[in-house]
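Structure file query_14.cif with mmCIF, C-alpha atoms:
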```
data_coords
loop_
_atom_site.label_atom_id
_atom_site.label_comp_id
_atom_site.auth_asym_id
_atom_site.auth_seq_id
_atom_site.Cartn_x
_atom_site.Cartn_y
_atom_site.Cartn_z
CA MET A 19 -145.96 44.64 -190.41
CA SER A 20 -147.92 44.34 -193.64
CA GLY A 21 -150.30 42.08 -195.55
CA ASP A 22 -153.92 41.10 -194.95
CA ASP A 23 -155.75 39.03 -192.38
CA ASP A 24 -157.98 36.04 -193.20
CA ASP A 25 -160.89 38.36 -194.02
CA GLY A 26 -158.87 40.57 -196.38
CA ASN A 27 -158.42 43.45 -193.93
CA SER A 28 -155.04 45.17 -194.13
CA LEU A 29 -152.49 44.78 -191.32
CA GLY A 30 -150.09 47.49 -190.16
CA TRP A 31 -150.38 51.18 -189.33
CA GLN A 32 -153.80 52.51 -190.34
CA GLU A 33 -153.28 56.08 -189.08
CA ASP A 34 -151.37 57.93 -186.35
CA GLY A 35 -153.34 56.37 -183.51
CA VAL A 36 -154.49 53.06 -185.01
CA ALA A 37 -152.59 49.86 -185.88
CA THR A 38 -153.88 46.40 -186.79
CA CYS A 39 -151.96 43.18 -186.10
CA ARG A 40 -152.44 39.45 -185.60
CA ALA A 41 -152.78 38.05 -182.07
CA SER A 42 -150.15 35.38 -181.51
CA THR A 43 -150.75 32.25 -179.47
CA GLY A 44 -150.02 32.60 -175.78
CA THR A 45 -150.11 30.91 -172.39
CA VAL A 46 -153.15 31.23 -170.16
CA GLY A 47 -153.04 34.54 -168.33
CA GLN A 48 -152.49 38.22 -168.92
CA LEU A 49 -149.80 39.43 -171.34
CA ALA A 50 -148.88 43.06 -171.98
CA VAL A 51 -149.52 44.72 -175.33
CA GLN A 52 -146.77 47.27 -176.06
CA VAL A 53 -146.23 49.77 -178.86
CA ILE A 54 -142.48 50.40 -179.18
CA ARG A 55 -140.58 52.95 -181.21
CA THR A 56 -137.04 54.31 -180.91
CA ALA A 57 -136.16 54.83 -177.22
CA GLN A 58 -139.83 54.87 -176.18
CA GLN A 59 -142.51 52.39 -175.26
CA SER A 60 -146.15 52.84 -174.39
CA PRO A 61 -147.35 52.29 -170.80
CA THR A 62 -148.26 48.72 -169.88
CA SER A 63 -151.96 49.53 -169.67
CA VAL A 64 -153.43 47.33 -172.41
CA PHE A 65 -153.42 43.54 -172.23
CA LEU A 66 -154.28 40.45 -174.21
CA ASN A 67 -155.80 37.87 -171.91
CA TYR A 68 -155.59 34.21 -172.89
CA LEU A 69 -158.39 32.28 -171.21
CA GLY A 70 -157.35 28.75 -172.08
CA ASP A 71 -159.04 26.03 -174.10
CA VAL A 72 -162.49 26.44 -172.49
CA ALA A 73 -164.44 29.64 -173.16
CA PRO A 74 -166.21 31.37 -170.21
CA MET A 75 -169.81 30.27 -169.65
CA SER A 76 -172.34 32.14 -171.78
CA ASN A 77 -175.16 34.12 -170.19
CA GLU A 78 -177.73 31.68 -171.61
CA ASP A 79 -176.00 28.66 -170.05
CA LEU A 80 -175.53 30.49 -166.75
CA ALA A 81 -179.21 31.45 -166.64
CA THR A 82 -180.18 27.81 -167.27
CA GLU A 83 -177.99 26.66 -164.34
CA ILE A 84 -179.45 29.28 -161.97
CA TRP A 85 -182.99 28.37 -163.09
CA ALA A 86 -182.30 24.74 -162.20
CA GLU A 87 -180.66 25.50 -158.82
CA VAL A 88 -183.20 28.29 -157.99
CA GLN A 89 -180.92 30.16 -155.57
CA VAL A 90 -177.11 30.30 -155.81
CA ASN A 91 -174.12 32.59 -155.40
CA ILE A 92 -172.40 33.59 -158.65
CA GLN A 93 -168.78 34.76 -158.64
CA ILE A 94 -167.34 36.41 -161.74
CA GLU A 95 -163.79 37.54 -162.52
CA CYS A 96 -162.93 40.14 -165.16
CA PRO A 97 -159.91 38.90 -167.19
CA THR A 98 -158.74 42.41 -168.16
CA THR A 99 -158.78 43.90 -164.64
CA GLU A 100 -158.63 40.68 -162.54
CA GLU A 101 -161.36 42.10 -160.27
CA VAL A 102 -163.72 39.60 -158.64
CA ILE A 103 -167.29 40.10 -157.38
CA ARG A 104 -169.84 37.70 -155.93
CA GLU A 105 -173.63 38.08 -155.85
CA MET A 106 -176.61 35.94 -154.86
CA TRP A 107 -179.12 35.17 -157.65
CA ASP A 108 -182.68 33.88 -157.13
CA ALA A 109 -184.45 32.47 -160.19
CA ARG A 110 -187.85 33.16 -158.53
CA ASN A 111 -187.32 36.88 -159.16
CA TYR A 112 -187.53 36.36 -162.94
CA THR A 113 -190.39 35.30 -165.18
CA SER A 114 -188.34 33.15 -167.58
CA VAL A 115 -184.86 31.94 -168.47
CA ALA A 116 -184.78 34.62 -171.20
CA ASN A 117 -185.60 37.32 -168.66
CA LEU A 118 -182.87 36.01 -166.33
CA THR A 119 -180.41 35.87 -169.27
CA THR A 120 -181.04 39.58 -169.99
CA ALA A 121 -180.38 40.51 -166.36
CA LEU A 122 -177.15 38.46 -166.26
CA THR A 123 -175.95 40.07 -169.51
CA ILE A 124 -176.44 43.57 -168.09
CA TRP A 125 -174.68 42.60 -164.84
CA ARG A 126 -171.64 41.08 -166.55
CA ASP A 127 -171.35 43.82 -169.22
CA ASP A 128 -171.42 46.57 -166.58
CA PHE A 129 -168.69 44.81 -164.60
CA CYS A 130 -166.26 43.90 -167.38
CA ASP A 131 -165.47 44.91 -170.97
CA VAL A 132 -165.04 41.23 -172.03
CA LEU A 133 -166.86 38.03 -171.10
CA SER A 134 -166.08 37.31 -167.45
CA LYS A 135 -165.08 33.99 -165.92
CA VAL A 136 -167.83 32.36 -163.83
CA GLN A 137 -168.15 30.17 -160.75
CA ILE A 138 -171.48 28.91 -159.38
CA ILE A 139 -171.39 28.48 -155.58
CA PRO A 140 -174.14 26.87 -153.44
CA LEU A 141 -175.57 29.18 -150.77
CA ASN A 142 -174.54 26.98 -147.83
CA PHE A 143 -171.04 26.38 -149.17
CA LEU A 144 -168.13 27.48 -146.94
CA PHE A 145 -166.12 29.02 -149.74
CA PRO A 146 -162.35 29.32 -149.09
CA THR A 147 -161.55 33.02 -149.27
CA VAL A 148 -158.15 34.75 -149.16
CA THR A 149 -158.31 38.16 -147.46
CA ALA A 150 -154.59 39.06 -147.27
CA VAL A 151 -151.20 37.86 -148.59
CA LYS A 152 -148.12 38.52 -146.46
CA ASN A 153 -144.59 37.36 -145.75
CA ILE A 154 -144.32 34.75 -143.03
CA GLU A 155 -143.17 36.66 -139.98
CA GLY A 156 -139.40 37.07 -139.96
CA LEU A 157 -138.99 36.32 -143.68
CA ASN A 158 -138.57 38.81 -146.52
CA PHE A 159 -138.89 37.06 -149.86
CA CYS A 160 -141.24 39.92 -150.81
CA ASP A 161 -141.75 43.50 -149.63
CA ASP A 162 -144.81 44.15 -147.50
CA ASP A 163 -146.00 46.03 -144.46
CA VAL A 164 -146.46 43.64 -141.53
CA ASN A 165 -149.71 45.43 -140.68
CA SER A 166 -151.12 45.46 -144.23
CA THR A 167 -154.21 43.55 -145.30
CA ASP A 168 -153.48 43.75 -149.01
CA LEU A 169 -154.53 40.96 -151.35
CA GLU A 170 -151.42 41.61 -153.46
CA ILE A 171 -147.85 41.15 -152.22
CA THR A 172 -145.18 42.92 -154.29
CA ASP A 173 -141.46 43.02 -155.08
CA CYS A 174 -141.00 39.28 -154.64
CA THR A 175 -137.70 37.68 -155.68
CA PRO A 176 -137.95 35.90 -159.05
CA PHE A 177 -135.73 33.15 -157.58
CA GLY A 178 -138.57 32.06 -155.30
CA SER A 179 -137.98 30.47 -151.91
CA ASP A 180 -136.35 27.22 -153.10
CA GLY A 181 -139.25 25.16 -151.78
CA ASP A 182 -139.24 26.67 -148.28
CA MET A 183 -142.40 28.17 -146.82
CA ALA A 184 -142.38 31.91 -147.54
CA LEU A 185 -145.86 33.45 -147.73
CA ALA A 186 -148.85 33.48 -145.39
CA LEU A 187 -152.40 33.44 -146.75
CA HIS A 188 -154.95 34.89 -144.33
CA GLY A 189 -158.63 34.20 -144.95
CA LEU A 190 -161.69 32.10 -144.18
CA HIS A 191 -162.89 28.48 -144.44
CA PHE A 192 -159.51 26.90 -145.19
CA ALA A 193 -160.25 23.96 -142.84
CA GLU A 194 -162.91 22.33 -140.66
CA TRP A 195 -162.47 21.27 -137.04
CA ASN A 196 -162.70 17.51 -136.46
CA GLU A 197 -164.08 17.10 -132.97
CA ASP A 198 -163.26 13.39 -132.73
CA ASN A 199 -159.57 13.77 -133.58
CA GLN A 200 -159.28 17.28 -132.15
CA GLU A 201 -157.57 18.62 -135.27
CA TRP A 202 -158.11 20.84 -138.29
CA VAL A 203 -158.94 18.99 -141.51
CA SER A 204 -158.02 20.83 -144.69
CA ARG A 205 -160.74 21.88 -147.13
CA VAL A 206 -158.06 22.92 -149.64
CA GLU A 207 -157.21 20.50 -152.43
CA SER A 208 -154.40 22.45 -154.13
CA ILE A 209 -152.86 25.91 -154.48
CA MET A 210 -151.19 27.40 -157.54
CA VAL A 211 -149.35 30.67 -158.14
CA ASP A 212 -149.86 31.48 -161.81
CA GLN A 213 -149.37 28.02 -163.41
CA ALA A 214 -147.08 26.51 -160.75
CA PHE A 215 -148.41 24.25 -157.99
CA VAL A 216 -147.01 25.12 -154.55
CA THR A 217 -146.67 23.18 -151.30
CA PHE A 218 -148.85 24.40 -148.43
CA ASN A 219 -149.54 23.87 -144.74
CA ILE A 220 -152.98 24.42 -143.16
CA LEU A 221 -152.53 25.76 -139.63
CA ASN A 222 -156.23 26.48 -139.02
CA ASP A 223 -159.32 27.66 -140.88
CA THR A 224 -157.90 31.19 -141.37
CA TYR A 225 -154.17 30.66 -141.98
CA ILE A 226 -152.14 28.85 -144.69
CA THR A 227 -148.40 28.97 -145.43
CA ILE A 228 -147.06 28.34 -148.94
CA ASN A 229 -143.70 28.34 -150.70
CA LEU A 230 -142.91 31.08 -153.24
CA PRO A 231 -142.31 29.59 -156.71
CA PRO A 232 -139.76 31.17 -159.09
CA ASN A 233 -141.54 33.46 -161.54
CA THR A 234 -141.69 36.97 -163.02
CA GLY A 235 -144.38 39.51 -163.86
CA SER A 236 -147.12 41.33 -162.00
CA LYS A 237 -150.37 40.22 -160.41
CA ASN A 238 -149.82 36.47 -160.70
CA THR A 239 -153.01 34.90 -159.34
CA ILE A 240 -152.97 32.66 -156.25
CA VAL A 241 -155.53 29.95 -157.04
CA VAL A 242 -156.84 28.20 -153.91
CA VAL A 243 -158.89 25.15 -154.99
CA ASP A 244 -161.41 23.65 -152.57
CA ILE A 245 -162.04 19.89 -152.22
CA THR A 246 -165.30 20.42 -154.17
CA GLY A 247 -163.44 22.06 -157.08
CA ALA A 248 -164.42 25.66 -156.32
CA SER A 249 -161.54 28.14 -156.23
CA ASP A 250 -160.60 31.50 -154.78
CA LEU A 251 -158.69 33.91 -157.05
CA ASN A 252 -158.30 36.93 -154.79
CA GLY A 253 -154.59 36.73 -153.89
CA LYS A 254 -151.90 38.13 -156.19
CA VAL A 255 -148.09 37.95 -156.30
CA THR A 256 -146.02 40.59 -158.13
CA TYR A 257 -142.31 39.95 -158.69
CA LYS A 258 -139.47 42.45 -158.88
CA VAL A 259 -138.95 44.46 -162.09
CA PRO A 260 -135.74 43.51 -164.00
CA GLU A 261 -132.72 45.80 -163.64
CA ILE A 262 -129.83 46.04 -166.15
CA THR A 263 -126.35 47.11 -165.03
CA SER A 264 -124.02 46.26 -167.94
CA VAL A 265 -123.78 45.17 -171.58
CA VAL A 266 -120.66 43.74 -173.27
CA GLY A 267 -119.98 42.03 -176.58
CA CYS A 268 -118.84 44.55 -179.20
CA ASP A 269 -115.28 45.75 -179.81
CA ASP A 270 -115.12 48.59 -177.30
CA ILE A 271 -116.11 48.85 -173.63
CA SER A 272 -116.64 52.07 -171.64
CA TYR A 273 -118.68 53.27 -168.67
CA GLU A 274 -121.89 55.29 -168.62
CA PRO A 275 -121.00 58.62 -166.91
CA ASN A 276 -124.01 58.93 -164.59
CA THR A 277 -124.36 55.30 -163.45
CA ASN A 278 -120.90 53.84 -164.18
CA PHE A 279 -122.69 50.94 -165.92
CA GLU A 280 -120.54 48.99 -168.38
CA ARG A 281 -121.56 49.70 -171.99
CA THR A 282 -120.45 48.50 -175.41
CA SER A 283 -119.72 50.37 -178.67
CA GLU A 284 -118.24 49.85 -182.15
CA CYS A 285 -121.11 47.44 -182.84
CA PRO A 286 -121.84 46.48 -186.48
CA MET A 287 -124.76 48.31 -188.07
CA HIS A 288 -126.23 45.22 -189.74
CA ASP A 289 -127.62 42.22 -187.87
CA ASP A 290 -126.00 39.53 -190.03
CA ASN A 291 -122.69 39.59 -188.16
CA ASP A 292 -123.61 37.08 -185.44
CA VAL A 293 -122.41 39.35 -182.65
CA ARG A 294 -123.62 38.10 -179.27
CA ILE A 295 -123.96 40.51 -176.39
CA THR A 296 -124.18 39.63 -172.71
CA ILE A 297 -126.51 41.62 -170.45
CA SER A 298 -125.95 41.60 -166.69
CA GLY A 299 -128.21 42.73 -163.86
CA LYS A 300 -130.80 41.19 -161.56
CA TRP A 301 -134.39 39.98 -161.38
CA PHE A 302 -134.26 38.43 -164.89
CA GLY A 303 -135.99 35.18 -163.87
CA ASP A 304 -134.69 31.72 -164.73
CA GLY A 305 -136.40 31.43 -168.13
CA GLY A 306 -138.42 28.35 -167.18
CA ILE A 307 -141.75 27.64 -168.89
CA LEU A 308 -143.62 27.62 -165.56
CA SER A 309 -141.66 30.52 -164.07
CA GLY A 310 -142.33 33.38 -166.46
CA GLY A 311 -140.63 32.04 -169.59
CA LEU A 312 -137.67 33.57 -171.39
CA ALA A 313 -136.91 37.24 -170.90
CA SER A 314 -136.90 39.49 -173.99
CA VAL A 315 -134.23 42.11 -174.68
CA PHE A 316 -134.79 45.08 -176.98
CA VAL A 317 -132.04 47.29 -178.43
CA GLY A 318 -133.87 50.40 -179.58
CA ILE A 319 -136.95 49.05 -181.34
CA LYS A 320 -135.47 45.67 -182.27
CA ARG A 321 -135.62 42.43 -180.31
CA CYS A 322 -132.40 40.60 -179.51
CA SER A 323 -132.68 37.09 -181.02
CA GLU A 324 -131.78 33.61 -179.71
CA LEU A 325 -131.71 34.70 -176.07
CA ILE A 326 -130.55 32.26 -173.40
CA HIS A 327 -130.39 32.62 -169.61
CA LEU A 328 -126.89 32.02 -168.21
CA GLN A 329 -125.99 30.64 -164.80
CA PRO A 330 -126.11 33.41 -162.12
CA ILE A 331 -122.82 34.12 -160.37
CA PRO A 332 -122.32 35.31 -156.75
CA ASP A 333 -121.82 39.08 -156.41
CA GLY A 334 -119.74 38.84 -153.22
CA ASN A 335 -122.47 40.50 -151.13
CA GLY A 336 -124.72 37.52 -150.61
CA GLY A 337 -126.63 38.07 -153.84
CA PHE A 338 -126.21 37.09 -157.48
CA VAL A 339 -125.43 38.74 -160.81
CA GLU A 340 -127.82 37.40 -163.42
CA LYS A 341 -126.89 37.24 -167.10
CA VAL A 342 -128.53 36.60 -170.45
CA SER A 343 -126.93 36.54 -173.89
CA CYS A 344 -128.46 37.06 -177.32
CA ASN A 345 -127.67 37.99 -180.92
CA LEU A 346 -127.35 41.75 -181.33
CA PRO A 347 -129.81 43.22 -183.87
CA GLY A 348 -128.74 45.90 -186.34
CA GLY A 349 -129.02 49.51 -185.29
CA PRO A 350 -128.49 53.17 -186.18
CA ALA A 351 -125.02 54.27 -187.35
CA ASP A 352 -125.62 57.84 -186.18
CA ASN A 353 -123.03 57.89 -183.37
CA SER A 354 -125.73 57.86 -180.66
CA TRP A 355 -126.09 55.61 -177.62
CA VAL A 356 -129.09 53.34 -178.15
CA PRO A 357 -131.38 52.46 -175.21
CA LEU A 358 -131.54 48.80 -174.20
CA PHE A 359 -134.26 47.31 -171.99
CA MET A 360 -135.63 43.95 -170.87
CA LEU A 361 -139.18 42.58 -170.74
CA THR A 362 -140.04 39.81 -168.29
CA LYS A 363 -143.64 38.75 -168.88
CA ASP A 364 -145.41 42.15 -168.48
CA GLN A 365 -142.67 44.15 -166.71
CA PHE A 366 -140.11 46.43 -168.41
CA SER A 367 -136.73 47.44 -167.03
CA THR A 368 -135.76 51.11 -167.16
CA PRO A 369 -134.15 51.76 -170.60
CA GLN A 370 -130.37 52.27 -170.33
CA SER A 371 -128.34 53.82 -173.17
CA LEU A 372 -125.63 51.16 -173.30
CA VAL A 373 -125.11 50.25 -176.99
CA LYS A 374 -123.51 52.28 -179.79
CA TYR A 375 -123.05 51.22 -183.42
CA VAL A 376 -120.11 52.04 -185.73
CA PRO A 377 -120.95 55.48 -187.19
CA CYS A 378 -121.09 56.18 -190.91
CA VAL A 379 -117.77 57.31 -192.44
CA ARG A 380 -117.17 60.94 -193.34
CA GLY A 381 -119.15 61.89 -196.43
CA LYS A 382 -122.09 59.61 -195.50
CA TYR A 383 -125.06 59.94 -193.17
CA TYR A 384 -127.34 57.34 -191.53
CA ASP A 385 -130.57 56.90 -193.52
CA GLU A 386 -132.92 55.70 -190.75
CA ARG A 387 -135.71 54.78 -193.16
CA ASN A 388 -133.58 52.36 -195.20
CA GLU A 389 -131.09 51.55 -192.40
CA VAL A 390 -128.04 52.31 -194.55
CA CYS A 391 -125.20 54.82 -194.67
CA ALA A 392 -126.13 57.05 -197.64
CA ASN A 393 -123.90 59.45 -199.60
CA CYS A 394 -123.96 63.09 -198.56
CA THR A 395 -123.26 64.38 -202.16
CA SER A 396 -126.53 66.14 -202.78
CA LEU A 397 -126.60 67.46 -199.26
CA SER A 398 -123.01 68.70 -199.49
CA LEU A 399 -123.79 70.44 -202.79
CA SER A 400 -126.80 72.13 -201.25
CA LEU A 401 -124.75 73.24 -198.28
CA SER A 402 -121.96 74.53 -200.55
CA THR A 403 -124.47 76.46 -202.62
CA LEU A 404 -126.05 77.86 -199.49
CA SER A 405 -122.63 78.81 -198.12
CA LEU A 406 -121.68 80.59 -201.36
CA SER A 407 -124.98 82.47 -201.44
CA LEU A 408 -124.51 83.58 -197.85
CA SER A 409 -120.95 84.72 -198.58
CA LEU A 410 -122.05 86.79 -201.58
CA SER A 411 -124.94 88.24 -199.64
CA LEU A 412 -122.68 89.17 -196.72
CA LYS A 413 -120.15 90.74 -199.14
CA ARG A 414 -122.85 92.95 -200.74
CA THR A 415 -124.15 93.88 -197.30
CA ASN A 416 -120.66 94.90 -196.17
CA GLU A 417 -120.11 96.99 -199.29
CA GLN A 418 -123.39 98.83 -198.81
CA THR A 419 -122.62 99.37 -195.13
CA ASN A 420 -119.21 100.83 -195.95
CA LYS A 421 -120.78 103.22 -198.49
CA HIS A 422 -123.22 104.50 -195.86
CA ILE A 423 -120.41 104.97 -193.33
CA ASN A 424 -118.25 106.92 -195.83
CA ARG A 425 -121.21 109.10 -196.82
CA TYR A 426 -121.92 109.82 -193.15
CA ARG A 427 -118.29 110.78 -192.50
CA ARG A 428 -118.23 113.20 -195.49
CA ASN A 429 -121.41 114.90 -194.28
CA VAL A 430 -119.99 115.36 -190.80
CA HIS A 431 -116.74 116.79 -192.19
CA GLU A 432 -118.55 119.26 -194.45
CA ASN A 433 -120.81 120.40 -191.62
CA ARG A 434 -117.85 121.05 -189.35
CA ARG A 435 -116.00 122.99 -192.11
CA SER A 436 -119.06 125.14 -192.83
CA SER A 437 -119.46 126.01 -189.13
CA PHE A 438 -115.79 127.01 -188.83
CA MET A 439 -115.92 129.36 -191.80
CA HIS A 440 -118.94 131.17 -190.36
#
```
Can I see the file as structure tokens?
Amino acid sequence: MSGDDDDGNSLGWQEDGVATCRASTGTVGQLAVQVIRTAQQSPTSVFLNYLGDVAPMSNEDLATEIWAEVQVNIQIECPTTEEVIREMWDARNYTSVANLTTALTIWRDDFCDVLSKVQIIPLNFLFPTVTAVKNIEGLNFCDDDVNSTDLEITDCTPFGSDGDMALALHGLHFAEWNEDNQEWVSRVESIMVDQAFVTFNILNDTYITINLPPNTGSKNTIVVVDITGASDLNGKVTYKVPEITSVVGCDDISYEPNTNFERTSECPMHDDNDVRITISGKWFGDGGILSGGLASVFVGIKRCSELIHLQPIPDGNGGFVEKVSCNLPGGPADNSWVPLFMLTKDQFSTPQSLVKYVPCVRGKYYDERNEVCANCTSLSLSLSTLSLSLSLSLKRTNEQTNKHINRYRRNVHENRRSSFMH
């Protein structure tokens, strides 16, 4: 990465721990920021968060709204941590809108390192609130403890539940009891998981069932929207991390000794050979725009281009083998196995050393900086010179050692002869 930004600031590596780059466009939500180098990637601990077309409400505007309403509940969500808090604000405790603005700024800055999302909630409003997300009893589209009260459910299948009801939302104020008809009337207008609308059934004011949409990634927000437009963002769904079990596509196929995974070798060093590789495994997602988008595959530090998701095939055990294919990037001709891994939204698979490139011929070495096989002439000459110097040095050392040994033997012989004569 090189060049300048719009203000003339340089892009690229600034020093060992600092790099500057452009932020690309993105979908609404949280996307991982990764620093990748050969065989290593940084932890997924830093994120870009795309908030959509409408910026969060400013503190000045929020203070004006509270001043007009006098007493309201304010709920804020931190985009970088996805934490949510709610607090009651009373304009009568402040002398002016400016004074209230200062207090709101301190509150929001202490809670979040960026401008938080805001909802204004009337005091007497029965706000729909999710308190736990679980599998429907008897189903296992995700992994969870039947006795847990967690707001996040994890290890969900990226295939989803094919429209069937799969998850149970436990909470408060989902419905109101209609005395005349003796039935529960839903207060919920719609429910989304990430960007996908889901079907739902209201059983009572504390229990909703929903289907699990196909998706990938961690901490996808369950958005429960009330008939008044207010929403609850407490529930989260985390899908399974992708797993890779084989790679084919180059001239030679073998098996990784420890895992018996299929791997490919004799791959061309340069990326202009249009070699397509096929990666097999599970939990890749379907590549849909509303279900996590396309997966990304990296071979070493380079991204595999023109990736497509292939039709899953049955594995004979009731499951499926998922496949993607892509154009193989160039790589090191140093006779080493290169790690390959997959990224689905913000989740990385475990790197597997499953690709090897054609090594440089004898008399050449792989120049990693320029990505070419370079001549070993100067290196060979240096080694020859070093070898000759070592040989001469060893020869002189041996000659000196032999002289000392001969001198020692003569002294011993003369001493013995002198003692005998006496």
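For the file shown, the residue list from the PyMOL selection byres ((chain A and resi 259) around 6) reads Lys258, Pro260 and Gln365 of chain A.
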Pull C-alpha atoms from the residues just selected and write them as an mmCIF file, in the coordinates of the input.
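Written out: out.cif:
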```
data_model
loop_
_atom_site.group_PDB
_atom_site.id
_atom_site.type_symbol
_atom_site.label_atom_id
_atom_site.label_comp_id
_atom_site.auth_asym_id
_atom_site.auth_seq_id
_atom_site.Cartn_x
_atom_site.Cartn_y
_atom_site.Cartn_z
ATOM 1 C CA LYS A 258 -139.470 42.450 -158.880
ATOM 2 C CA PRO A 260 -135.740 43.510 -164.000
ATOM 3 C CA GLN A 365 -142.670 44.150 -166.710
#
```
Which is closer to A:Ser179 than all the others in A:Ile228, A:Ala214, A:Val242, A:Ile139, using all atoms listed in the file? A:Ile228
Reference answer for the PyMOL selection byres ((chain A and resi 230) around 9), as a ChimeraX atom specification: /A:159,174-175,177-185,211,216-217,228-229,231-233
Atom pair atom CA of A:Gln200 / atom CA of A:Glu155: separation (Å):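 Taking atom CA of A:Gln200 and atom CA of A:Glu155, their separation equals 26.4 Å.
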Nearest residue to A:Ile124 out of A:Asn77, A:Gln329, A:Asn91, A:Glu105, using all atoms listed in the file? A:Asn77
Matched chain/residue IDs from the PyMOL selection byres ((chain A and resi 380) around 12), as a ChimeraX atom specification: /A:351-353,377-379,381-384,391-395,398
Mind listing as an MDAnalysis selection string all residues within 9 Å of (-120.8, 48.2, -165.8), counting only C-alpha atoms? chainID A and resid 263:266 272:274 277:281 298
With 8 Å as the threshold, what does the neighbourhood of (-127.6, 53.4, -172.7) contain in terms of residues, counting only C-alpha atoms? Coordinates are those of the file; answer as an MDAnalysis selection string. chainID A and resid 274 281 355:358 369:373
Expressed in Å to a single decimal, how great is the separation between atom CA of A:Thr227 and atom CA of A:Ala150?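 One can read the atom CA of A:Thr227 to atom CA of A:Ala150 distance as 12.0 Å.
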Between atom CA of A:Gln89 and atom CA of A:Thr246, what is the distance, to one decimal in Å? 18.5 Å
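Restricting the calculation to all atoms listed in the file, the smallest distance between A:Glu95 and any of A:Thr256, A:Thr239, A:Thr120, A:Ser114 is found for A:Thr239.
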Let me make sure I understand: among A:Leu141, A:Val203, A:Ala313, A:Ile171, which one has the smallest atom-to-atom distance to A:Val90 if we use only C-alpha atoms? A:Leu141
Return as lines of an AutoDock Vina configuration file the centre and edge lengths, in Å with one decimal, of the box along x, y and z that encloses every atom of stretch 375-392 of chain A in the file, padded by 4 Å per side.
```
center_x = -126.4
center_y = 56.6
center_z = -190.5
size_x = 26.5
size_y = 18.7
size_z = 22.2
```
Quick one: stretch 140-153 of chain A with N, CA and C atoms, as a PDB file, keeping the file's coordinate frame?
```pdb
ATOM      1  N   PRO A 140    -172.938  27.089-154.258  1.00  0.00           N
ATOM      2  CA  PRO A 140    -174.140  26.870-153.440  1.00  0.00           C
ATOM      3  C   PRO A 140    -174.195  27.836-152.259  1.00  0.00           C
ATOM      4  N   LEU A 141    -175.402  28.189-151.845  1.00  0.00           N
ATOM      5  CA  LEU A 141    -175.570  29.180-150.770  1.00  0.00           C
ATOM      6  C   LEU A 141    -174.947  28.739-149.455  1.00  0.00           C
ATOM      7  N   ASN A 142    -175.045  27.460-149.124  1.00  0.00           N
ATOM      8  CA  ASN A 142    -174.540  26.980-147.830  1.00  0.00           C
ATOM      9  C   ASN A 142    -173.087  26.513-147.901  1.00  0.00           C
ATOM     10  N   PHE A 143    -172.408  26.849-148.986  1.00  0.00           N
ATOM     11  CA  PHE A 143    -171.040  26.380-149.170  1.00  0.00           C
ATOM     12  C   PHE A 143    -170.051  27.295-148.441  1.00  0.00           C
ATOM     13  N   LEU A 144    -169.162  26.704-147.648  1.00  0.00           N
ATOM     14  CA  LEU A 144    -168.130  27.480-146.940  1.00  0.00           C
ATOM     15  C   LEU A 144    -166.968  27.703-147.901  1.00  0.00           C
ATOM     16  N   PHE A 145    -167.052  28.752-148.642  1.00  0.00           N
ATOM     17  CA  PHE A 145    -166.120  29.020-149.740  1.00  0.00           C
ATOM     18  C   PHE A 145    -164.783  29.496-149.203  1.00  0.00           C
ATOM     19  N   PRO A 146    -163.652  28.842-149.557  1.00  0.00           N
ATOM     20  CA  PRO A 146    -162.350  29.320-149.090  1.00  0.00           C
ATOM     21  C   PRO A 146    -162.051  30.696-149.681  1.00  0.00           C
ATOM     22  N   THR A 147    -161.722  31.635-148.830  1.00  0.00           N
ATOM     23  CA  THR A 147    -161.550  33.020-149.270  1.00  0.00           C
ATOM     24  C   THR A 147    -160.269  33.596-148.705  1.00  0.00           C
ATOM     25  N   VAL A 148    -159.372  34.068-149.580  1.00  0.00           N
ATOM     26  CA  VAL A 148    -158.150  34.750-149.160  1.00  0.00           C
ATOM     27  C   VAL A 148    -158.458  36.222-148.935  1.00  0.00           C
ATOM     28  N   THR A 149    -158.068  36.747-147.771  1.00  0.00           N
ATOM     29  CA  THR A 149    -158.310  38.160-147.460  1.00  0.00           C
ATOM     30  C   THR A 149    -157.025  38.982-147.395  1.00  0.00           C
ATOM     31  N   ALA A 150    -155.860  38.333-147.295  1.00  0.00           N
ATOM     32  CA  ALA A 150    -154.590  39.060-147.270  1.00  0.00           C
ATOM     33  C   ALA A 150    -153.451  38.097-147.597  1.00  0.00           C
ATOM     34  N   VAL A 151    -152.404  38.632-148.265  1.00  0.00           N
ATOM     35  CA  VAL A 151    -151.200  37.860-148.590  1.00  0.00           C
ATOM     36  C   VAL A 151    -150.007  38.584-147.985  1.00  0.00           C
ATOM     37  N   LYS A 152    -149.213  37.883-147.169  1.00  0.00           N
ATOM     38  CA  LYS A 152    -148.120  38.520-146.460  1.00  0.00           C
ATOM     39  C   LYS A 152    -146.897  37.611-146.428  1.00  0.00           C
ATOM     40  N   ASN A 153    -145.744  38.188-146.086  1.00  0.00           N
ATOM     41  CA  ASN A 153    -144.590  37.360-145.750  1.00  0.00           C
ATOM     42  C   ASN A 153    -144.870  36.611-144.458  1.00  0.00           C
TER      43      ASN A 153
END
```
